[in-house]
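I have placed the structure first, in the form of structure tokens, so that the comments after it can refer back to it.
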Amino acid sequence: MIPEQLQAETQEIARRYKDMLRASYRSLSDDDKVFIRKAFDLALDAHKDQRRKSGEPYIYHPIAVAQIVAEEIGLGATSISCALLHDVVEDTDYTLEDMEKYFGEKCAKIIDGLTKIAVLNNQELSIQSENFKKLLLTLSEDVRVILIKIADRLHNMRTLESMPPEKQMKIASETIFIYAPLAHRMGLYNIKSELEDLSLKYTNPEDYYEIEKKLKDSEEERKKYIDNFANTISKKLDEEGLSYEIKGRAKSIHSINRKMKSQNVGFEEVFDKFAIRVIYKSDRKNEKFVAWKIYSLITDVYTPNPARLRDWITQPKSTGYESLHITVMGPEGKWIEVQIRSERMDEIAEKGIAAHYKYKENYKVEDSKVDEWIAQVREVIENQKNTNTSEFIDSFKLNLYTKEIFVFTPKGDVMSLPKGSSPLDFAYAIHTNVGDTCLGAKINGKLYPLSHELKSGDQIEIINSQNQKPKPDWLDYVKTGRAKSKIKASLNAEKRAMAEEGKEILERKLRHLRLSLDENMVNELQAFFNEKNSQDLFFHVQNGIISNQDLKKFAEKKSGVTSFLSRFRPKTVKKEDFKVNTSNLDEVVFGDEEKKIDYTLATCCNPIPGDAVFGFITVNRGIKVHKKNCPNAIELRANYSYRILEAKWIDSSHREYKASINIKGIDRKGLVNDITEYLSKNKNVDLKKISIQSDAGIFNGDLDLIVAHKNQLESILAKIRNIEGVNKVKRLQD
């Protein structure tokens with residue numbers, strides 16, 4: 001590198017470092033600045049010979065992460081320093097001992113939590129899932145590890161364009177699967193929205209750029225509308241002498257896309273594409289009073305929708321979020337969401353947990369919902385440290401989503417639970433023993449089954465019996481990670497006791513067959529009976545699933561040479577498990593070398609020729625081919641990236657595939673006949689199934705067609721759209 005370039009880079013590094021310090025959300029003391037400078041100097045030296053994929057000096061990344069931590073999350077000097085150092089131990093010769101020596105035990109622990117684990121040589125577990133598990137376990141030590149990790153992921157997503165396409169897809173899938181929900185749960189709503197948008201940009205670029213363009217095209221019109229709405233409200237608020245600020249913002253691209261998909265509507269039909277925020281000044285004592293006063297003033301002008309009132313001030317979310325949300329009918333007959341919150345509430349909504357702890361220090365907040373949630377999560381984590389990785393993450397994700405209901409104890413105390421919770425979730429939230437011995441529940445004075453879904457406002461009384469104990473089907477009724485982990489712990493304890501008994505039974509039965517139970521014998525039995533582990537083997541002997549007759553067959557096979565060889569052969573595949581492709585036409589090929597391998601088409605998304613697809617190696621059902629925008633694609637890529645195969649269709653003109661479509665419109669005489677007549681005239685289309693409903697003049701029909709490829713299907717959809725009365729035609733994913 002020539003001296004001029006080197007000097008320019010040195011100046012740019014210094015500029016970025018100063019910008020980061022200036023952007024700090026907290027006021028930094030001289031001692032803080034010295035501590036941060038020490039961390040920066042070490043990171044600069046450690047990364048001096050490293051560059052990012054984009055060609056930039058590597059130190060740009062730690063500085064950017066530190067700036068997100070300082071400005072957008074709002075953490076202090078310790079966290080800023082750890083953000084600067086977060087890759088030092090992993091990527092350079094510095095050790096954790098060095099970190100402790102130079103920066104103290106607290107910093108060393110956070111950096112240890114941030115240091116990525118080495119690649120696991122275990123094909124049964126997703127490497128990335130194991131990283132997630134490591135990440136989540138740090139919650140039981142220091143919540144700042146999670147916050148810095150979120151900042152690290154945000155900067156990686158902002159600079160993802162320099163990565164190859166397969167890496168982009170993998171990282172974006174991981175982000176939407178775990179990091180965006182984590183940011184949401186930490187109260188970082190702006191970061192959560194940006195992570196979701198950036199993930200959509202790489203996992204479904206067509207939808208992303210289409211919505212982005214429509215938002216840009218309507219930006220000027222939207223700004224005029226918001227200004228008009230805000231001016232009307234301002235007059236009312238000014239008359240009352242209130243100090244406030246009104247902001248308008250578009251909803252995130254991901255949020256709009258989700259509504260379009262869930263409601264099956266176009267961009268123009270999503271009615272709340274933007275929200276207005278009224279942020280007012282108030283002392284802590286009068287915050288609630290002022291919020292409802294502003295509500296009253298707004299609803300004097302605009303009619304509210306009572307079904308969409310959300311009072312998160314009286315009953316804050318478990319993330320600490322407080323705000324009053326109302327939806328009113330604005331000018332031109334458009335619904336608008338208005339969020340009313342104080343400056344303190346807005347700061348907590350923007351900065352999440354960091355602001356929560358700041359206000360906790362100032363106001364001595366006791367019994368905080370945020371602290372309560374972290375304590376619950378830590379308990380779930382501690383109970384599940386040794387569980388299967390995918391189960392661990394599934395359980396944790398139950399704690400990430402915060403659509404909540406509020407229910408009452410018999411004494412009138414309020415408890416928050418996830419939407420969809422059952423009386424069992426309520427019982428386990430009170431105490432493990434209350435859950436384990438739960439026999440039934442009275443809800444609002446009436447007896448209901450344990451599977452009943454609770455609603456906000458319900459008052460619940462749990463009926464207990466010491467003779468009761470958890471049952472396997474309870475896992476189908478519960479929503480909370482705490483309840484699931486407690487039920488599993490109880491069931492596992494019972495299963496372990498039964499497995500011990502089963503081991504003794506197996507030893508006796510094998511002795512009769514002149515075989516002895518040792519480690520090699522256990523492995524052979526597991527392979528023969530296709531058991532996951534020895535505990536399952538012993539358990540199935542105890543409960544009779546593995547019978548005497550089955551054990552005799554094993555003994556007979558063991559004595560023959562064929563049985564010895566069979567253990568080393570691949571498992572026999574049933575015809576229905578795989579669709580073998582003998583033709584060179586109309587098939588999916590895998591990898592850069594376009595290899596032809598047996599596969600089946602996934603029924604969750606029904607890919608047809610022309611769809612962008614990928615292959616997924618299942619445990620015992622071969623390769624499944626999914627559409628790239630399959631509802632399950634994100635989870636598969638995030639959890640099992642090492643089992644993903646790049647794939648594509650070749651020659652899609654001579655085979656037939658099933659496609660399901662939905663048609664909606666205004667019912668009229670002859671409409672069904674027009675649709676079926678068009679399809680029957682098209683010789684290349686085979687109508688396999690039709691289901692029609694008409695309700696109050698609205699037509700709704702589902703059709704199953706056999707088509708040759710995607711272009712043909714799109715042509716059919718376009719023709720049906722032009723039939724009189726048809727309002728909407730959409731391809732369905734099963």
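Labels used: A, B, ... for chains in the order of the structure tokens, numbers from 1 for residues in each chain, and numbers from 1 for ligands as shown.
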
Exercise for review: Going by DSSP on the backbone, which bits of range 576-686 of chain A are strand (DSSP E)? Write them as a PyMOL selection string, please.
Suggested key: chain A and resi 587-590+600-601+613-617+623-627+644-650+657-666+686

Exercise for review: Please identify all polymer residues within 12 Å of Asp98 in chain A, counting only C-alpha atoms, omitting same-chain residues fewer than 2 positions from it, and present them as a ChimeraX atom specification.
Suggested key: /A:39,42,85,88-89,92-96,100-105,107-109,111-112

**Study point:** All residues 7 Å or closer to Leu188 in chain A, only C-alpha atoms, same chain fewer than 6 positions away omitted, as a VMD selection string
**Key:** chain A and resid 349 to 352

Review point. What lies within 12 Å of Lys201 in chain A using only C-alpha atoms, ignoring chain neighbours under 2 positions off, as number ranges by chain?
Key: A: 157-158, 160-161, 165, 168-169, 171-173, 175-176, 194-199, 203-212, 253-254, 257

Expected file contents, prior selection, C-alpha atoms, as a short mmCIF file (atom, residue, chain, number, x, y, z; two decimals), in the first residue's frame:
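File part.cif, as written:
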data_model
loop_
_atom_site.label_atom_id
_atom_site.label_comp_id
_atom_site.auth_asym_id
_atom_site.auth_seq_id
_atom_site.Cartn_x
_atom_site.Cartn_y
_atom_site.Cartn_z
CA MET A 157 -26.08 -7.11 8.11
CA ARG A 158 -25.43 -3.50 7.06
CA LEU A 160 -23.57 -7.97 3.89
CA GLU A 161 -23.39 -7.00 0.21
CA PRO A 165 -24.87 -15.02 -2.20
CA GLN A 168 -25.85 -13.73 2.49
CA MET A 169 -28.77 -16.17 2.57
CA ILE A 171 -26.54 -15.00 7.65
CA ALA A 172 -29.87 -13.31 6.80
CA SER A 173 -31.76 -16.49 7.77
CA THR A 175 -30.73 -13.02 11.72
CA ILE A 176 -34.49 -13.29 11.21
CA GLU A 194 -33.80 -2.80 10.65
CA LEU A 195 -32.63 -6.40 11.15
CA GLU A 196 -35.95 -7.69 9.78
CA ASP A 197 -35.80 -5.38 6.75
CA LEU A 198 -32.18 -6.27 5.96
CA SER A 199 -32.97 -9.99 6.32
CA THR A 203 -34.03 -13.80 1.73
CA ASN A 204 -36.77 -12.35 -0.50
CA PRO A 205 -35.30 -9.47 -2.56
CA GLU A 206 -38.26 -9.29 -4.99
CA ASP A 207 -40.75 -8.44 -2.24
CA TYR A 208 -38.27 -6.13 -0.48
CA TYR A 209 -37.47 -3.93 -3.48
CA GLU A 210 -41.09 -3.84 -4.66
CA ILE A 211 -42.32 -2.51 -1.29
CA GLU A 212 -39.32 -0.17 -0.96
CA ILE A 253 -40.85 -3.07 4.92
CA HIS A 254 -40.86 -6.42 6.74
CA ASN A 257 -44.78 -7.54 3.78
#

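Residue neighbourhood of Gly725 in chain A, excluding near-sequence residues (fewer than 2 positions): A:Ile663, A:Lys664, A:Gly665, A:Ile666, A:Asp667, A:Arg668, A:Lys669, A:Gly670, A:Leu671, A:Val672, A:Asp674, A:Ile675, A:Gly697, A:Ile698, A:Phe699, A:Asn700, A:Ile720, A:Arg721, A:Asn722, A:Ile723, A:Asn727, A:Lys728, A:Val729, at 12 Å, using only C-alpha atoms.
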
Point to revise | Neighbour list for Ala647 in chain A as a list of chain:residue names, cut-off 7 Å, only C-alpha atoms, skip fewer than 3 positions in-chain | key: A:Val588, A:Val589, A:Phe590, A:Gly591, A:Val613, A:Phe614, A:Gly615

Selected residues written out with C-alpha atoms, as a PDB file, in the first residue's frame:
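After the write, selection_4.pdb holds the following:
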ATOM      1  CA  VAL A 588     -33.613 -30.531  -9.960  1.00  0.00           C
ATOM      2  CA  VAL A 589     -29.825 -30.676  -9.991  1.00  0.00           C
ATOM      3  CA  PHE A 590     -27.567 -29.895  -7.041  1.00  0.00           C
ATOM      4  CA  GLY A 591     -24.385 -27.861  -6.501  1.00  0.00           C
ATOM      5  CA  VAL A 613     -35.221 -23.827  -4.862  1.00  0.00           C
ATOM      6  CA  PHE A 614     -32.699 -25.417  -2.522  1.00  0.00           C
ATOM      7  CA  GLY A 615     -32.142 -28.961  -1.259  1.00  0.00           C
TER       8      GLY A 615
END

**Study point:** Minimum-distance residue to Val290 in chain A, chosen among A:Leu237, A:Ser262, A:Ala493, A:Gln315 (using only C-alpha atoms)
**Key:**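 Nearest to Val290 in chain A: A:Leu237.
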
Review point. When you draw a straight line from CA of Asp227 in chain A to CA of Ser255 in chain A, how long is it in Å?
Key: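 Between these atoms lies a distance of 23.0 Å.
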
For Lys273 in chain A, list every protein, DNA or RNA residue within 7 Å, evaluated using only C-alpha atoms, and leave out those in the same chain fewer than 5 positions away; present the list as a CSV table (one decimal) with C-alpha atoms, in the first residue's frame.
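Final output, saved to selection18.csv:
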chain,number,residue,atom,x,y,z
A,250,ALA,CA,-43.5,4.6,7.7
A,251,LYS,CA,-44.0,1.0,9.0
A,256,ILE,CA,-45.8,-4.3,5.6

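Across A:Glu587, A:Asp686, A:Glu677, A:Glu56, the tightest approach to Leu703 in chain A is made by A:Asp686 when counting only C-alpha atoms.
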
Exercise for review: Find, counting only C-alpha atoms, the residue in A:Ser715, A:Ser282, A:Thr115, A:Ser193 that gets nearest to His86 in chain A.
Suggested key: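 Closest to His86 in chain A of all the choices is A:Thr115.
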